[in-house]
Amino acid sequence: MRGGVGAPDPFPPARLRRLCPAMAHGHGHGGGGCRCGAEREEPPERRGLAWGLYLRIDRERLQCLNERREGSGALVFRAWEDRGDRSQFVESDDDEELLFNIPFTGNVKLKGIIVMGEDDDTHPSEMRLIARFSNVYHLSIHISKNFGAETTKIFYIGLRGEWTEAHRHEVTICNYEASANPADHKIDQITPETHFIS
């Protein structure tokens with residue numbers, strides 16, 4: 001199930017496991033689970049903190065393009081504990097596409113994303129992430145398809161990762177002379193002298 005009304009939590013603790021990075025290299029998890037240590041579950045009291053990057057979004061510059069109701073795109077980025085609230089959502093306007101431009105207040109190392117939608121054809125089926133630089137300070141999420149409906153509906157987008165303060169350097173304006181202006185360099189009169197060497 002994709003999270004319909006009255007449905008069980010679509011992300012129960014058993015499914016909130018970290019992916020084992022070694023699996024991409026042929027590492028198996030047979031008979032007894034992962035032995036690499038990466039498949040540990042967050043304890044319930046810390047799970048909400050792990051999905052707390054919504055607190056680091058620059059809300060004044062956050063954009064959602066093709067939203068039916070102005071400002072509704074910002075409502076889907078909220079606390080983990082409020083992910084089941086179906087009264088706040090974003091729905092696409094003209095077609096099934098939505099584009100979120102998410103600026104952060106610092107650098108982010110994104111480790112996970114959850115998108116929750118309705119349990120029908122309006123649920124997103126395809127998503128692209130576009131990030132700027134290795135330490136992400138701006139993320140774009142493009143929802144390009146759903147399961148066949150004319151519009152897409154999203155209730156919650158959770159972002160998991162690490163945040164660090166941005167160290168942005170100010171631009172220094174410098175003027176360099178391509179050629180010297182004699183008026184800028186006052187010196188005493190130079191008397192030309194000629195010496196002959198024989």
# chains A, B, ... in the order shown; residues from 1 in each chain; ligands from 1

$ residues_around --residues "region 61-75 of chain A" --least-positions-apart "4" --cutoff "12 Å" --atoms "only C-alpha atoms" --output "JSON list (two decimals) with all heavy atoms, in the first residue's frame"
[["chain", "number", "residue", "atom", "x", "y", "z"],
["A", 54, "TYR", "N", 14.15, 19.50, 7.31],
["A", 54, "TYR", "CA", 13.13, 20.51, 6.98],
["A", 54, "TYR", "C", 13.37, 21.79, 7.79],
["A", 54, "TYR", "O", 13.00, 22.88, 7.36],
["A", 54, "TYR", "CB", 11.72, 19.96, 7.24],
["A", 54, "TYR", "CG", 11.35, 19.89, 8.70],
["A", 54, "TYR", "CD1", 10.60, 20.89, 9.29],
["A", 54, "TYR", "CD2", 11.76, 18.81, 9.49],
["A", 54, "TYR", "CE1", 10.28, 20.83, 10.64],
["A", 54, "TYR", "CE2", 11.44, 18.75, 10.82],
["A", 54, "TYR", "CZ", 10.70, 19.76, 11.40],
["A", 54, "TYR", "OH", 10.39, 19.71, 12.73],
["A", 55, "LEU", "N", 14.02, 21.66, 8.95],
["A", 55, "LEU", "CA", 14.32, 22.84, 9.77],
["A", 55, "LEU", "C", 15.42, 23.70, 9.16],
["A", 55, "LEU", "O", 15.58, 24.85, 9.54],
["A", 55, "LEU", "CB", 14.77, 22.39, 11.17],
["A", 55, "LEU", "CG", 13.72, 21.69, 12.01],
["A", 55, "LEU", "CD1", 14.35, 21.08, 13.25],
["A", 55, "LEU", "CD2", 12.61, 22.66, 12.39],
["A", 56, "ARG", "N", 16.17, 23.15, 8.23],
["A", 56, "ARG", "CA", 17.30, 23.85, 7.61],
["A", 56, "ARG", "C", 16.97, 24.38, 6.22],
["A", 56, "ARG", "O", 17.86, 24.80, 5.50],
["A", 56, "ARG", "CB", 18.51, 22.92, 7.54],
["A", 56, "ARG", "CG", 18.92, 22.35, 8.88],
["A", 56, "ARG", "CD", 19.22, 23.43, 9.87],
["A", 56, "ARG", "NE", 19.77, 22.84, 11.10],
["A", 56, "ARG", "CZ", 20.25, 23.56, 12.07],
["A", 56, "ARG", "NH1", 20.26, 24.87, 12.00],
["A", 56, "ARG", "NH2", 20.73, 22.97, 13.14],
["A", 57, "ILE", "N", 15.70, 24.37, 5.85],
["A", 57, "ILE", "CA", 15.27, 24.92, 4.56],
["A", 57, "ILE", "C", 15.06, 26.41, 4.71],
["A", 57, "ILE", "O", 14.46, 26.87, 5.68],
["A", 57, "ILE", "CB", 13.97, 24.24, 4.08],
["A", 57, "ILE", "CG1", 14.23, 22.76, 3.78],
["A", 57, "ILE", "CG2", 13.40, 24.94, 2.86],
["A", 57, "ILE", "CD1", 12.98, 21.96, 3.46],
["A", 79, "ALA", "N", 7.75, 18.19, 10.20],
["A", 79, "ALA", "CA", 8.32, 17.23, 11.15],
["A", 79, "ALA", "C", 7.90, 15.80, 10.84],
["A", 79, "ALA", "O", 6.79, 15.55, 10.36],
["A", 79, "ALA", "CB", 7.89, 17.61, 12.58],
["A", 82, "ASP", "N", 4.64, 14.64, 12.11],
["A", 82, "ASP", "CA", 3.44, 15.17, 11.43],
["A", 82, "ASP", "C", 3.27, 14.61, 10.02],
["A", 82, "ASP", "O", 2.43, 15.09, 9.26],
["A", 82, "ASP", "CB", 3.51, 16.70, 11.36],
["A", 82, "ASP", "CG", 3.55, 17.34, 12.71],
["A", 82, "ASP", "OD1", 2.99, 16.76, 13.66],
["A", 82, "ASP", "OD2", 4.14, 18.43, 12.84],
["A", 83, "ARG", "N", 4.04, 13.59, 9.67],
["A", 83, "ARG", "CA", 3.99, 13.05, 8.30],
["A", 83, "ARG", "C", 2.64, 12.46, 7.92],
["A", 83, "ARG", "O", 2.29, 12.39, 6.75],
["A", 83, "ARG", "CB", 5.09, 12.02, 8.09],
["A", 83, "ARG", "CG", 4.88, 10.72, 8.82],
["A", 83, "ARG", "CD", 6.12, 9.84, 8.80],
["A", 83, "ARG", "NE", 5.92, 8.59, 9.49],
["A", 83, "ARG", "CZ", 5.92, 8.44, 10.80],
["A", 83, "ARG", "NH1", 6.12, 9.48, 11.58],
["A", 83, "ARG", "NH2", 5.73, 7.25, 11.36],
["A", 85, "ASP", "N", -0.31, 13.71, 8.66],
["A", 85, "ASP", "CA", -1.34, 14.75, 8.54],
["A", 85, "ASP", "C", -1.72, 14.92, 7.07],
["A", 85, "ASP", "O", -0.95, 15.41, 6.27],
["A", 85, "ASP", "CB", -0.81, 16.06, 9.12],
["A", 85, "ASP", "CG", -1.82, 17.19, 9.05],
["A", 85, "ASP", "OD1", -2.96, 16.97, 8.58],
["A", 85, "ASP", "OD2", -1.47, 18.31, 9.45],
["A", 86, "ARG", "N", -2.93, 14.51, 6.72],
["A", 86, "ARG", "CA", -3.39, 14.59, 5.33],
["A", 86, "ARG", "C", -4.13, 15.89, 5.02],
["A", 86, "ARG", "O", -4.59, 16.08, 3.91],
["A", 86, "ARG", "CB", -4.27, 13.39, 5.02],
["A", 86, "ARG", "CG", -3.49, 12.08, 5.19],
["A", 86, "ARG", "CD", -3.87, 11.12, 4.12],
["A", 86, "ARG", "NE", -3.21, 9.85, 4.20],
["A", 86, "ARG", "CZ", -2.07, 9.58, 3.56],
["A", 86, "ARG", "NH1", -1.44, 10.49, 2.90],
["A", 86, "ARG", "NH2", -1.55, 8.37, 3.62],
["A", 87, "SER", "N", -4.23, 16.79, 6.00],
["A", 87, "SER", "CA", -4.90, 18.08, 5.75],
["A", 87, "SER", "C", -3.97, 19.05, 5.02],
["A", 87, "SER", "O", -4.44, 20.01, 4.41],
["A", 87, "SER", "CB", -5.39, 18.69, 7.05],
["A", 87, "SER", "OG", -4.30, 19.06, 7.88],
["A", 88, "GLN", "N", -2.66, 18.83, 5.08],
["A", 88, "GLN", "CA", -1.70, 19.69, 4.40],
["A", 88, "GLN", "C", -1.07, 18.89, 3.26],
["A", 88, "GLN", "O", -0.47, 17.85, 3.49],
["A", 88, "GLN", "CB", -0.63, 20.16, 5.37],
["A", 88, "GLN", "CG", -1.18, 21.01, 6.49],
["A", 88, "GLN", "CD", -0.08, 21.50, 7.40],
["A", 88, "GLN", "OE1", 0.97, 21.93, 6.94],
["A", 88, "GLN", "NE2", -0.33, 21.43, 8.70],
["A", 89, "PHE", "N", -1.20, 19.40, 2.04],
["A", 89, "PHE", "CA", -0.68, 18.70, 0.88],
["A", 89, "PHE", "C", -0.44, 19.70, -0.25],
["A", 89, "PHE", "O", -0.88, 20.84, -0.20],
["A", 89, "PHE", "CB", -1.66, 17.61, 0.41],
["A", 89, "PHE", "CG", -3.01, 18.14, 0.02],
["A", 89, "PHE", "CD1", -3.28, 18.55, -1.28],
["A", 89, "PHE", "CD2", -4.04, 18.24, 0.97],
["A", 89, "PHE", "CE1", -4.52, 19.04, -1.63],
["A", 89, "PHE", "CE2", -5.28, 18.72, 0.63],
["A", 89, "PHE", "CZ", -5.52, 19.12, -0.69],
["A", 90, "VAL", "N", 0.26, 19.24, -1.27],
["A", 90, "VAL", "CA", 0.43, 20.00, -2.50],
["A", 90, "VAL", "C", -0.13, 19.13, -3.62],
["A", 90, "VAL", "O", 0.05, 17.92, -3.64],
["A", 90, "VAL", "CB", 1.91, 20.39, -2.76],
["A", 90, "VAL", "CG1", 2.79, 19.17, -2.94],
["A", 90, "VAL", "CG2", 2.02, 21.31, -3.97],
["A", 91, "GLU", "N", -0.83, 19.80, -4.53],
["A", 91, "GLU", "CA", -1.38, 19.12, -5.71],
["A", 91, "GLU", "C", -0.95, 19.89, -6.94],
["A", 91, "GLU", "O", -0.96, 21.13, -6.93],
["A", 91, "GLU", "CB", -2.89, 19.03, -5.63],
["A", 91, "GLU", "CG", -3.49, 18.19, -6.74],
["A", 91, "GLU", "CD", -4.98, 17.92, -6.55],
["A", 91, "GLU", "OE1", -5.60, 18.53, -5.66],
["A", 91, "GLU", "OE2", -5.51, 17.09, -7.30],
["A", 92, "SER", "N", -0.55, 19.17, -7.98],
["A", 92, "SER", "CA", -0.12, 19.84, -9.21],
["A", 92, "SER", "C", -1.32, 20.49, -9.89],
["A", 92, "SER", "O", -2.47, 20.11, -9.67],
["A", 92, "SER", "CB", 0.57, 18.85, -10.14],
["A", 92, "SER", "OG", -0.31, 17.81, -10.51],
["A", 93, "ASP", "N", -1.03, 21.47, -10.74],
["A", 93, "ASP", "CA", -2.10, 22.26, -11.35],
["A", 93, "ASP", "C", -2.44, 21.79, -12.76],
["A", 93, "ASP", "O", -3.48, 21.19, -12.99],
["A", 93, "ASP", "CB", -1.70, 23.74, -11.36],
["A", 93, "ASP", "CG", -2.84, 24.65, -11.73],
["A", 93, "ASP", "OD1", -4.00, 24.24, -11.63],
["A", 93, "ASP", "OD2", -2.56, 25.80, -12.12],
["A", 94, "ASP", "N", -1.57, 22.04, -13.71],
["A", 94, "ASP", "CA", -1.89, 21.80, -15.12],
["A", 94, "ASP", "C", -1.64, 20.37, -15.59],
["A", 94, "ASP", "O", -2.26, 19.91, -16.53],
["A", 94, "ASP", "CB", -1.08, 22.75, -16.00],
["A", 94, "ASP", "CG", -1.50, 24.20, -15.79],
["A", 94, "ASP", "OD1", -2.68, 24.42, -15.48],
["A", 94, "ASP", "OD2", -0.64, 25.09, -15.92],
["A", 95, "ASP", "N", -0.69, 19.70, -14.99],
["A", 95, "ASP", "CA", -0.37, 18.32, -15.37],
["A", 95, "ASP", "C", 0.17, 17.61, -14.14],
["A", 95, "ASP", "O", 0.03, 18.10, -13.03],
["A", 95, "ASP", "CB", 0.62, 18.28, -16.54],
["A", 95, "ASP", "CG", 1.90, 19.06, -16.25],
["A", 95, "ASP", "OD1", 2.24, 19.26, -15.07],
["A", 95, "ASP", "OD2", 2.57, 19.48, -17.22],
["A", 96, "GLU", "N", 0.81, 16.46, -14.32],
["A", 96, "GLU", "CA", 1.26, 15.70, -13.15],
["A", 96, "GLU", "C", 2.60, 16.15, -12.60],
["A", 96, "GLU", "O", 3.05, 15.67, -11.57],
["A", 96, "GLU", "CB", 1.30, 14.20, -13.49],
["A", 96, "GLU", "CG", 2.45, 13.84, -14.42],
["A", 96, "GLU", "CD", 2.01, 13.28, -15.74],
["A", 96, "GLU", "OE1", 1.25, 13.94, -16.45],
["A", 96, "GLU", "OE2", 2.44, 12.16, -16.05],
["A", 97, "GLU", "N", 3.28, 17.10, -13.25],
["A", 97, "GLU", "CA", 4.61, 17.50, -12.82],
["A", 97, "GLU", "C", 4.60, 18.53, -11.69],
["A", 97, "GLU", "O", 3.75, 19.41, -11.63],
["A", 97, "GLU", "CB", 5.40, 18.09, -14.00],
["A", 97, "GLU", "CG", 5.74, 17.06, -15.05],
["A", 97, "GLU", "CD", 6.68, 17.61, -16.09],
["A", 97, "GLU", "OE1", 7.82, 17.94, -15.74],
["A", 97, "GLU", "OE2", 6.25, 17.71, -17.26],
["A", 98, "LEU", "N", 5.58, 18.39, -10.80],
["A", 98, "LEU", "CA", 5.86, 19.36, -9.73],
["A", 98, "LEU", "C", 7.36, 19.55, -9.68],
["A", 98, "LEU", "O", 8.12, 18.59, -9.86],
["A", 98, "LEU", "CB", 5.38, 18.86, -8.37],
["A", 98, "LEU", "CG", 3.88, 18.87, -8.11],
["A", 98, "LEU", "CD1", 3.56, 18.06, -6.86],
["A", 98, "LEU", "CD2", 3.38, 20.30, -7.94],
["A", 99, "LEU", "N", 7.80, 20.79, -9.45],
["A", 99, "LEU", "CA", 9.22, 21.07, -9.30],
["A", 99, "LEU", "C", 9.43, 21.87, -8.03],
["A", 99, "LEU", "O", 8.91, 22.98, -7.89],
["A", 99, "LEU", "CB", 9.76, 21.84, -10.51],
["A", 99, "LEU", "CG", 11.23, 22.23, -10.45],
["A", 99, "LEU", "CD1", 12.12, 21.00, -10.40],
["A", 99, "LEU", "CD2", 11.60, 23.12, -11.62],
["A", 100, "PHE", "N", 10.18, 21.29, -7.10],
["A", 100, "PHE", "CA", 10.52, 21.95, -5.84],
["A", 100, "PHE", "C", 11.94, 22.46, -5.94],
["A", 100, "PHE", "O", 12.86, 21.70, -6.26],
["A", 100, "PHE", "CB", 10.45, 20.96, -4.67],
["A", 100, "PHE", "CG", 9.09, 20.41, -4.40],
["A", 100, "PHE", "CD1", 8.66, 19.24, -5.02],
["A", 100, "PHE", "CD2", 8.22, 21.05, -3.54],
["A", 100, "PHE", "CE1", 7.41, 18.72, -4.77],
["A", 100, "PHE", "CE2", 6.96, 20.53, -3.27],
["A", 100, "PHE", "CZ", 6.55, 19.37, -3.89],
["A", 101, "ASN", "N", 12.15, 23.74, -5.67],
["A", 101, "ASN", "CA", 13.48, 24.33, -5.56],
["A", 101, "ASN", "C", 13.70, 24.63, -4.09],
["A", 101, "ASN", "O", 13.04, 25.50, -3.53],
["A", 101, "ASN", "CB", 13.60, 25.59, -6.41],
["A", 101, "ASN", "CG", 13.59, 25.26, -7.88],
["A", 101, "ASN", "OD1", 14.32, 24.38, -8.33],
["A", 101, "ASN", "ND2", 12.77, 25.94, -8.65],
["A", 102, "ILE", "N", 14.62, 23.90, -3.47],
["A", 102, "ILE", "CA", 14.78, 23.93, -2.02],
["A", 102, "ILE", "C", 16.16, 24.48, -1.67],
["A", 102, "ILE", "O", 17.17, 23.77, -1.77],
["A", 102, "ILE", "CB", 14.64, 22.50, -1.45],
["A", 102, "ILE", "CG1", 13.35, 21.85, -1.96],
["A", 102, "ILE", "CG2", 14.69, 22.52, 0.07],
["A", 102, "ILE", "CD1", 13.36, 20.36, -1.92],
["A", 103, "PRO", "N", 16.24, 25.74, -1.24],
["A", 103, "PRO", "CA", 17.51, 26.29, -0.76],
["A", 103, "PRO", "C", 17.67, 25.99, 0.73],
["A", 103, "PRO", "O", 16.70, 26.05, 1.48],
["A", 103, "PRO", "CB", 17.37, 27.78, -1.01],
["A", 103, "PRO", "CG", 15.90, 28.03, -0.89],
["A", 103, "PRO", "CD", 15.21, 26.77, -1.35],
["A", 104, "PHE", "N", 18.86, 25.63, 1.14],
["A", 104, "PHE", "CA", 19.13, 25.37, 2.54],
["A", 104, "PHE", "C", 19.88, 26.54, 3.16],
["A", 104, "PHE", "O", 20.48, 27.35, 2.45],
["A", 104, "PHE", "CB", 19.95, 24.07, 2.69],
["A", 104, "PHE", "CG", 19.21, 22.84, 2.29],
["A", 104, "PHE", "CD1", 19.41, 22.26, 1.05],
["A", 104, "PHE", "CD2", 18.30, 22.26, 3.15],
["A", 104, "PHE", "CE1", 18.71, 21.13, 0.67],
["A", 104, "PHE", "CE2", 17.60, 21.11, 2.78],
["A", 104, "PHE", "CZ", 17.81, 20.56, 1.54],
["A", 105, "THR", "N", 19.88, 26.61, 4.48],
["A", 105, "THR", "CA", 20.56, 27.68, 5.19],
["A", 105, "THR", "C", 22.03, 27.36, 5.43],
["A", 105, "THR", "O", 22.74, 28.14, 6.05],
["A", 105, "THR", "CB", 19.87, 27.96, 6.54],
["A", 105, "THR", "OG1", 19.89, 26.76, 7.32],
["A", 105, "THR", "CG2", 18.46, 28.44, 6.34],
["A", 138, "HIS", "N", 21.59, 23.69, -2.26],
["A", 138, "HIS", "CA", 20.35, 23.88, -3.02],
["A", 138, "HIS", "C", 19.99, 22.56, -3.68],
["A", 138, "HIS", "O", 20.82, 21.93, -4.32],
["A", 138, "HIS", "CB", 20.54, 24.96, -4.09],
["A", 138, "HIS", "CG", 19.28, 25.26, -4.82],
["A", 138, "HIS", "ND1", 18.86, 24.53, -5.90],
["A", 138, "HIS", "CD2", 18.33, 26.21, -4.62],
["A", 138, "HIS", "CE1", 17.70, 25.03, -6.34],
["A", 138, "HIS", "NE2", 17.37, 26.03, -5.57],
["A", 139, "LEU", "N", 18.76, 22.12, -3.48],
["A", 139, "LEU", "CA", 18.29, 20.85, -4.03],
["A", 139, "LEU", "C", 17.02, 21.11, -4.82],
["A", 139, "LEU", "O", 16.15, 21.86, -4.38],
["A", 139, "LEU", "CB", 18.00, 19.88, -2.89],
["A", 139, "LEU", "CG", 17.35, 18.53, -3.24],
["A", 139, "LEU", "CD1", 18.34, 17.66, -4.01],
["A", 139, "LEU", "CD2", 16.89, 17.82, -1.98],
["A", 140, "SER", "N", 16.92, 20.50, -5.98],
["A", 140, "SER", "CA", 15.67, 20.54, -6.75],
["A", 140, "SER", "C", 15.12, 19.13, -6.85],
["A", 140, "SER", "O", 15.87, 18.17, -7.10],
["A", 140, "SER", "CB", 15.91, 21.10, -8.16],
["A", 140, "SER", "OG", 16.29, 22.45, -8.10],
["A", 141, "ILE", "N", 13.82, 19.00, -6.60],
["A", 141, "ILE", "CA", 13.13, 17.72, -6.73],
["A", 141, "ILE", "C", 12.11, 17.87, -7.84],
["A", 141, "ILE", "O", 11.21, 18.71, -7.76],
["A", 141, "ILE", "CB", 12.41, 17.33, -5.42],
["A", 141, "ILE", "CG1", 13.41, 17.22, -4.26],
["A", 141, "ILE", "CG2", 11.65, 16.03, -5.60],
["A", 141, "ILE", "CD1", 12.76, 16.97, -2.91],
["A", 142, "HIS", "N", 12.26, 17.07, -8.87],
["A", 142, "HIS", "CA", 11.34, 17.11, -10.01],
["A", 142, "HIS", "C", 10.49, 15.84, -9.98],
["A", 142, "HIS", "O", 11.01, 14.73, -10.16],
["A", 142, "HIS", "CB", 12.13, 17.21, -11.31],
["A", 142, "HIS", "CG", 11.25, 17.22, -12.52],
["A", 142, "HIS", "ND1", 11.58, 16.56, -13.68],
["A", 142, "HIS", "CD2", 10.06, 17.82, -12.76],
["A", 142, "HIS", "CE1", 10.62, 16.74, -14.58],
["A", 142, "HIS", "NE2", 9.69, 17.50, -14.04],
["A", 143, "ILE", "N", 9.21, 16.01, -9.72],
["A", 143, "ILE", "CA", 8.25, 14.90, -9.81],
["A", 143, "ILE", "C", 7.74, 14.95, -11.25],
["A", 143, "ILE", "O", 7.01, 15.86, -11.63],
["A", 143, "ILE", "CB", 7.09, 15.07, -8.81],
["A", 143, "ILE", "CG1", 7.60, 15.28, -7.38],
["A", 143, "ILE", "CG2", 6.12, 13.90, -8.92],
["A", 143, "ILE", "CD1", 8.28, 14.11, -6.76],
["A", 144, "SER", "N", 8.14, 13.97, -12.05],
["A", 144, "SER", "CA", 7.82, 14.03, -13.47],
["A", 144, "SER", "C", 6.62, 13.17, -13.87],
["A", 144, "SER", "O", 6.01, 13.43, -14.91],
["A", 144, "SER", "CB", 9.04, 13.62, -14.30],
["A", 144, "SER", "OG", 9.50, 12.35, -13.91],
["A", 151, "THR", "N", -3.34, 14.84, -12.17],
["A", 151, "THR", "CA", -2.56, 15.64, -11.23],
["A", 151, "THR", "C", -1.84, 14.73, -10.24],
["A", 151, "THR", "O", -2.18, 13.56, -10.09],
["A", 151, "THR", "CB", -3.46, 16.62, -10.43],
["A", 151, "THR", "OG1", -4.40, 15.87, -9.66],
["A", 151, "THR", "CG2", -4.19, 17.57, -11.36],
["A", 152, "THR", "N", -0.83, 15.29, -9.59],
["A", 152, "THR", "CA", -0.07, 14.58, -8.57],
["A", 152, "THR", "C", -0.36, 15.21, -7.22],
["A", 152, "THR", "O", -0.46, 16.43, -7.10],
["A", 152, "THR", "CB", 1.44, 14.68, -8.88],
["A", 152, "THR", "OG1", 1.69, 14.05, -10.14],
["A", 152, "THR", "CG2", 2.28, 14.00, -7.82],
["A", 153, "LYS", "N", -0.48, 14.38, -6.18],
["A", 153, "LYS", "CA", -0.77, 14.86, -4.83],
["A", 153, "LYS", "C", 0.26, 14.28, -3.86],
["A", 153, "LYS", "O", 0.49, 13.08, -3.84],
["A", 153, "LYS", "CB", -2.18, 14.42, -4.43],
["A", 153, "LYS", "CG", -2.74, 15.13, -3.24],
["A", 153, "LYS", "CD", -4.22, 14.74, -3.08],
["A", 153, "LYS", "CE", -4.91, 15.55, -2.02],
["A", 153, "LYS", "NZ", -6.32, 15.18, -1.89],
["A", 154, "ILE", "N", 0.88, 15.19, -3.06],
["A", 154, "ILE", "CA", 1.91, 14.80, -2.10],
["A", 154, "ILE", "C", 1.53, 15.36, -0.73],
["A", 154, "ILE", "O", 1.17, 16.53, -0.61],
["A", 154, "ILE", "CB", 3.30, 15.32, -2.52],
["A", 154, "ILE", "CG1", 3.71, 14.70, -3.85],
["A", 154, "ILE", "CG2", 4.34, 15.03, -1.45],
["A", 154, "ILE", "CD1", 4.97, 15.29, -4.44],
["A", 155, "PHE", "N", 1.64, 14.51, 0.30],
["A", 155, "PHE", "CA", 1.35, 14.91, 1.67],
["A", 155, "PHE", "C", 2.60, 15.23, 2.48],
["A", 155, "PHE", "O", 2.55, 16.03, 3.40],
["A", 155, "PHE", "CB", 0.58, 13.80, 2.39],
["A", 155, "PHE", "CG", -0.78, 13.56, 1.83],
["A", 155, "PHE", "CD1", -1.03, 12.47, 1.02],
["A", 155, "PHE", "CD2", -1.82, 14.45, 2.08],
["A", 155, "PHE", "CE1", -2.27, 12.25, 0.49],
["A", 155, "PHE", "CE2", -3.08, 14.23, 1.56],
["A", 155, "PHE", "CZ", -3.30, 13.13, 0.75],
["A", 156, "TYR", "N", 3.70, 14.57, 2.17],
["A", 156, "TYR", "CA", 4.89, 14.72, 3.00],
["A", 156, "TYR", "C", 6.14, 14.44, 2.17],
["A", 156, "TYR", "O", 6.16, 13.51, 1.37],
["A", 156, "TYR", "CB", 4.83, 13.73, 4.17],
["A", 156, "TYR", "CG", 6.07, 13.68, 5.03],
["A", 156, "TYR", "CD1", 6.35, 14.67, 5.97],
["A", 156, "TYR", "CD2", 6.98, 12.63, 4.90],
["A", 156, "TYR", "CE1", 7.48, 14.61, 6.76],
["A", 156, "TYR", "CE2", 8.11, 12.56, 5.69],
["A", 156, "TYR", "CZ", 8.37, 13.55, 6.61],
["A", 156, "TYR", "OH", 9.49, 13.49, 7.40],
["A", 157, "ILE", "N", 7.16, 15.28, 2.36],
["A", 157, "ILE", "CA", 8.49, 15.00, 1.83],
["A", 157, "ILE", "C", 9.45, 15.12, 3.01],
["A", 157, "ILE", "O", 9.55, 16.17, 3.64],
["A", 157, "ILE", "CB", 8.90, 15.96, 0.69],
["A", 157, "ILE", "CG1", 7.97, 15.79, -0.51],
["A", 157, "ILE", "CG2", 10.36, 15.70, 0.29],
["A", 157, "ILE", "CD1", 8.28, 16.71, -1.67],
["A", 158, "GLY", "N", 10.11, 14.02, 3.31],
["A", 158, "GLY", "CA", 11.08, 13.99, 4.40],
["A", 158, "GLY", "C", 12.49, 13.94, 3.84],
["A", 158, "GLY", "O", 12.77, 13.22, 2.90]]

$ select_by_dssp --residues "region 122-172 of chain A" --states "strand (DSSP E)" --output "ChimeraX atom specification"
/A:124-131,136-146,153-165

$ write_last_selection --atoms "N, CA and C atoms" --output "short mmCIF file (atom, residue, chain, number, x, y, z; two decimals), in the first residue's frame"
data_model
loop_
_atom_site.label_atom_id
_atom_site.label_comp_id
_atom_site.auth_asym_id
_atom_site.auth_seq_id
_atom_site.Cartn_x
_atom_site.Cartn_y
_atom_site.Cartn_z
N PRO A 124 3.13 10.00 -6.74
CA PRO A 124 4.28 10.11 -7.65
C PRO A 124 4.88 8.76 -7.98
N SER A 125 5.26 8.58 -9.25
CA SER A 125 5.89 7.33 -9.65
C SER A 125 7.32 7.54 -10.13
N GLU A 126 7.69 8.78 -10.42
CA GLU A 126 9.05 9.06 -10.89
C GLU A 126 9.50 10.40 -10.33
N MET A 127 10.76 10.41 -9.85
CA MET A 127 11.30 11.61 -9.24
C MET A 127 12.76 11.74 -9.63
N ARG A 128 13.19 12.98 -9.87
CA ARG A 128 14.61 13.25 -10.14
C ARG A 128 15.11 14.26 -9.12
N LEU A 129 16.32 14.05 -8.63
CA LEU A 129 16.95 14.98 -7.70
C LEU A 129 18.08 15.68 -8.44
N ILE A 130 18.11 16.99 -8.32
CA ILE A 130 19.16 17.79 -8.92
C ILE A 130 19.80 18.59 -7.81
N ALA A 131 21.10 18.38 -7.60
CA ALA A 131 21.81 19.07 -6.52
C ALA A 131 22.96 19.86 -7.09
N VAL A 136 25.76 20.03 -0.73
CA VAL A 136 24.53 20.58 -1.28
C VAL A 136 24.04 21.76 -0.44
N TYR A 137 23.80 22.87 -1.08
CA TYR A 137 23.12 23.97 -0.40
C TYR A 137 21.84 24.34 -1.14
N HIS A 138 21.59 23.69 -2.26
CA HIS A 138 20.35 23.88 -3.02
C HIS A 138 19.99 22.56 -3.68
N LEU A 139 18.76 22.12 -3.48
CA LEU A 139 18.29 20.85 -4.03
C LEU A 139 17.02 21.11 -4.82
N SER A 140 16.92 20.50 -5.98
CA SER A 140 15.67 20.54 -6.75
C SER A 140 15.12 19.13 -6.85
N ILE A 141 13.82 19.00 -6.60
CA ILE A 141 13.13 17.72 -6.73
C ILE A 141 12.11 17.87 -7.84
N HIS A 142 12.26 17.07 -8.87
CA HIS A 142 11.34 17.11 -10.01
C HIS A 142 10.49 15.84 -9.98
N ILE A 143 9.21 16.01 -9.72
CA ILE A 143 8.25 14.90 -9.81
C ILE A 143 7.74 14.95 -11.25
N SER A 144 8.14 13.97 -12.05
CA SER A 144 7.82 14.03 -13.47
C SER A 144 6.62 13.17 -13.87
N LYS A 145 6.29 12.15 -13.07
CA LYS A 145 5.18 11.26 -13.42
C LYS A 145 4.46 10.81 -12.17
N ASN A 146 3.22 10.38 -12.37
CA ASN A 146 2.49 9.68 -11.32
C ASN A 146 2.00 8.36 -11.91
N LYS A 153 -0.48 14.38 -6.18
CA LYS A 153 -0.77 14.86 -4.83
C LYS A 153 0.26 14.28 -3.86
N ILE A 154 0.88 15.19 -3.06
CA ILE A 154 1.91 14.80 -2.10
C ILE A 154 1.53 15.36 -0.73
N PHE A 155 1.64 14.51 0.30
CA PHE A 155 1.35 14.91 1.67
C PHE A 155 2.60 15.23 2.48
N TYR A 156 3.70 14.57 2.17
CA TYR A 156 4.89 14.72 3.00
C TYR A 156 6.14 14.44 2.17
N ILE A 157 7.16 15.28 2.36
CA ILE A 157 8.49 15.00 1.83
C ILE A 157 9.45 15.12 3.01
N GLY A 158 10.11 14.02 3.31
CA GLY A 158 11.08 13.99 4.40
C GLY A 158 12.49 13.94 3.84
N LEU A 159 13.37 14.75 4.42
CA LEU A 159 14.77 14.80 4.01
C LEU A 159 15.64 14.42 5.20
N ARG A 160 16.47 13.41 5.00
CA ARG A 160 17.35 12.93 6.06
C ARG A 160 18.78 13.21 5.67
N GLY A 161 19.56 13.69 6.61
CA GLY A 161 20.97 13.95 6.33
C GLY A 161 21.63 14.78 7.40
N GLU A 162 22.78 15.35 7.03
CA GLU A 162 23.57 16.16 7.95
C GLU A 162 23.65 17.58 7.44
N TRP A 163 23.62 18.54 8.37
CA TRP A 163 23.70 19.96 8.03
C TRP A 163 24.92 20.56 8.68
N THR A 164 25.63 21.40 7.94
CA THR A 164 26.74 22.18 8.50
C THR A 164 26.58 23.62 8.04
N GLU A 165 27.08 24.52 8.85
CA GLU A 165 26.98 25.94 8.53
C GLU A 165 27.77 26.24 7.27
#

$ closest_residue --among "A:Ala149, A:Leu53, A:Ser179, A:Glu60" --to "Ile113 (chain A)" --atoms "only C-alpha atoms"
A:Leu53

$ atom_distance --atom1 "CA of Met116 (chain A)" --atom2 "CA of Ala166 (chain A)"
29.5 Å
